[in-house]
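> Please read through the structure below; I'll follow up with questions.
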Amino acid sequence: MSVTLQPFKARLNKPGAQVEKTTIAETRTDRIFLIGIKIMLTVALIAVLIPLIYVVANSFSSASAVSGGRVFLWPVEPSLRAYREALSDPQILKGYYNSLIYAVGGTFISVTLTIAIAYPLSRKTFFGRNVIMSVLLFTMLFSGGLIPTYLVVQDLGLLNTRWAMVIPSAIGVWQVIIARTFFRSTIPDDLYEAAVLDGASDLRFLWSVVLPLSKPVIAVIALMYAIFQWNTYFDALVYLKDPGLYPLQIVLRNILILNSTTGSASDVAQQLERQQLANVLKYALIVISSLPVLLIYPFIARHFTKGVMVGAVKG
């Protein structure tokens, strides 16, 4: 016995025809679970927002109000003096400039090298890819240590140069794994074979096909490298001796720990007491140093989520 679907199809093709949507009713357990998740996320949001608001409020308050502990979530005696002093300090401006160079240049170098390693490792025809991947994974578990690394940087002539901030930490194995997994699960072999039949070389295929299809994972690894380069200070502490090469994080460390400032900030500190000015400068510098990352992230957030899920789950 055969069953015809023509009457059903005819009803669907009628103008203004509507198809009933079936929804799965939430059980009581599901509702309780969702409410618990929302409460947890709300608590996490509050735990993150309160410190941020506290820092911003202190940075826009007067030095006396900050030193007196009278500021919590709203500026007291609003003032922009901390930002004026911070942005007029030549050491802070130089540190900001250096951090931008390290973050932009280091990210470009790191992303380029990561793709150059991850893409060949994702192709099944690449000879020895499993051995190379095993060696890379070995470096995640064991390293030479600080002193051998310092000696290598010294022998390469990178000490007290900008290259010391970007070359030793140029490649992250975790980023290589994410990129390799993304390439292996997203770029099919059939696409590569079709490009080869059209006469495309490996470099042409990588540039014209792979990279345009890999924007999500490129955004992920670029953001990871940029945040690492922007926040790093230990490499500068070890490899750099010239204050003119210090990144912003070293300058921030000197103010937060060593309580030292230069330029016009010291002139004002002589009048308003050095400690009071240093206290409010701490918060202003935290805001200034965090601003670039906060401005960049919203533009690549959608690529970040997609790239992490595809690069870390598939394959």
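Identifiers for the structure tokens are assigned positionally: chains receive A, B, ... in sequence, residues are indexed from 1 per chain, and ligands are indexed from 1 in the order shown.
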Give me every alpha helix (DSSP H) residue in region 50-108 of chain A, going by DSSP on the backbone, as an MDAnalysis selection string.
chainID A and resid 50:59 63:67 81:88 90:108
> Using only C-alpha atoms for the distances, tell me which of A:Val287, A:Ala164, A:Val55, A:Ala219 is nearest to Tyr233 (chain A).
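Ranked by minimum distance to Tyr233 (chain A), first place goes to A:Ala164.
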> As an NGL selection string, please: the residues near region 240-242 of chain A (cut-off 12 Å, only C-alpha atoms, same-chain neighbours under 2 positions excluded).
:A and (91 or 94-95 or 98 or 150 or 153-154 or 158-165 or 233-238 or 244-247 or 250)
> I need the residues from that last selection saved to file as a CSV table (one decimal), in the first residue's frame (with N, CA, C and O atoms), if you can.

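Saved file again_4.csv follows:
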```csv
chain,number,residue,atom,x,y,z
A,91,GLN,N,58.4,58.8,30.3
A,91,GLN,CA,58.7,57.3,30.5
A,91,GLN,C,57.4,56.5,30.2
A,91,GLN,O,57.5,55.4,29.6
A,94,LYS,N,56.7,56.6,26.4
A,94,LYS,CA,57.7,55.7,25.7
A,94,LYS,C,57.4,54.2,26.0
A,94,LYS,O,57.4,53.4,25.0
A,95,GLY,N,56.9,53.9,27.2
A,95,GLY,CA,56.5,52.5,27.4
A,95,GLY,C,55.3,52.1,26.7
A,95,GLY,O,55.2,51.0,26.2
A,98,ASN,N,56.5,51.5,23.1
A,98,ASN,CA,57.2,50.2,23.0
A,98,ASN,C,56.2,49.1,23.1
A,98,ASN,O,56.4,48.1,22.3
A,150,TYR,N,68.4,32.2,28.4
A,150,TYR,CA,69.1,33.5,28.5
A,150,TYR,C,70.4,33.4,27.7
A,150,TYR,O,70.8,34.3,27.0
A,153,VAL,N,69.7,33.5,23.9
A,153,VAL,CA,69.4,34.8,23.5
A,153,VAL,C,70.7,35.7,23.5
A,153,VAL,O,70.9,36.5,22.6
A,154,GLN,N,71.5,35.5,24.4
A,154,GLN,CA,72.8,36.2,24.5
A,154,GLN,C,73.7,35.9,23.3
A,154,GLN,O,74.3,36.7,22.7
A,158,LEU,N,70.7,39.1,20.9
A,158,LEU,CA,69.4,39.7,21.0
A,158,LEU,C,69.2,40.5,22.3
A,158,LEU,O,68.2,41.2,22.5
A,159,LEU,N,70.2,40.4,23.2
A,159,LEU,CA,70.1,41.1,24.5
A,159,LEU,C,70.0,42.6,24.3
A,159,LEU,O,70.7,43.2,23.5
A,160,ASN,N,69.1,43.2,25.1
A,160,ASN,CA,68.9,44.6,25.1
A,160,ASN,C,68.5,45.1,23.7
A,160,ASN,O,68.9,46.2,23.2
A,161,THR,N,67.7,44.3,22.9
A,161,THR,CA,67.2,44.8,21.7
A,161,THR,C,65.7,44.5,21.7
A,161,THR,O,65.2,43.7,22.5
A,162,ARG,N,65.0,45.1,20.7
A,162,ARG,CA,63.5,44.8,20.6
A,162,ARG,C,63.3,43.4,20.2
A,162,ARG,O,62.2,42.8,20.5
A,163,TRP,N,64.2,42.7,19.5
A,163,TRP,CA,64.0,41.4,19.0
A,163,TRP,C,63.9,40.4,20.2
A,163,TRP,O,63.2,39.3,20.1
A,164,ALA,N,64.5,40.7,21.3
A,164,ALA,CA,64.4,39.8,22.5
A,164,ALA,C,63.0,39.7,23.0
A,164,ALA,O,62.7,38.8,23.8
A,165,MET,N,62.2,40.7,22.7
A,165,MET,CA,60.8,40.6,23.2
A,165,MET,C,59.9,39.8,22.3
A,165,MET,O,58.7,39.5,22.8
A,233,TYR,N,56.0,41.1,30.9
A,233,TYR,CA,57.0,42.0,31.5
A,233,TYR,C,58.2,41.3,31.9
A,233,TYR,O,59.3,41.9,32.1
A,234,PHE,N,58.1,39.9,32.1
A,234,PHE,CA,59.2,39.2,32.6
A,234,PHE,C,60.3,39.1,31.6
A,234,PHE,O,61.5,39.2,32.0
A,235,ASP,N,60.0,39.0,30.3
A,235,ASP,CA,61.1,39.0,29.3
A,235,ASP,C,61.8,40.3,29.3
A,235,ASP,O,63.0,40.3,29.1
A,236,ALA,N,61.1,41.4,29.4
A,236,ALA,CA,61.7,42.7,29.5
A,236,ALA,C,62.6,42.8,30.7
A,236,ALA,O,63.7,43.4,30.7
A,237,LEU,N,62.1,42.3,31.8
A,237,LEU,CA,62.9,42.3,33.0
A,237,LEU,C,64.2,41.6,32.9
A,237,LEU,O,65.2,41.9,33.5
A,238,VAL,N,64.2,40.5,32.1
A,238,VAL,CA,65.4,39.6,32.0
A,238,VAL,C,66.3,40.1,30.9
A,238,VAL,O,67.6,40.2,31.1
A,244,GLY,N,64.8,52.9,27.7
A,244,GLY,CA,64.1,53.4,26.5
A,244,GLY,C,63.4,52.3,25.7
A,244,GLY,O,62.6,52.5,24.9
A,245,LEU,N,63.7,51.0,26.1
A,245,LEU,CA,63.1,49.8,25.4
A,245,LEU,C,62.0,49.2,26.3
A,245,LEU,O,61.4,48.2,25.9
A,246,TYR,N,61.9,49.7,27.5
A,246,TYR,CA,60.9,49.1,28.5
A,246,TYR,C,59.5,49.2,27.9
A,246,TYR,O,59.1,50.2,27.5
A,247,PRO,N,58.7,48.1,28.0
A,247,PRO,CA,57.3,48.2,27.7
A,247,PRO,C,56.5,48.8,28.8
A,247,PRO,O,57.0,49.1,29.9
A,250,ILE,N,56.5,47.2,32.4
A,250,ILE,CA,57.6,47.5,33.3
A,250,ILE,C,57.4,48.8,34.0
A,250,ILE,O,57.7,49.0,35.2
```
> So that each row is one residue of region 191-214 of chain A with an atom at most 10 Å from region 113-125 of chain A, can you give its shortest atom pair and the distance in Å to one decimal, using only C-alpha atoms, rows by chain and rising number, as a Markdown table?

```
| residue | atom | partner | partner_atom | distance |
| --- | --- | --- | --- | --- |
| A:Tyr192 | CA | A:Arg123 | CA | 9.7 |
| A:Asp202 | CA | A:Pro120 | CA | 9.7 |
| A:Leu206 | CA | A:Tyr119 | CA | 8.3 |
| A:Val210 | CA | A:Tyr119 | CA | 8.8 |
| A:Leu211 | CA | A:Ile115 | CA | 9.1 |
```
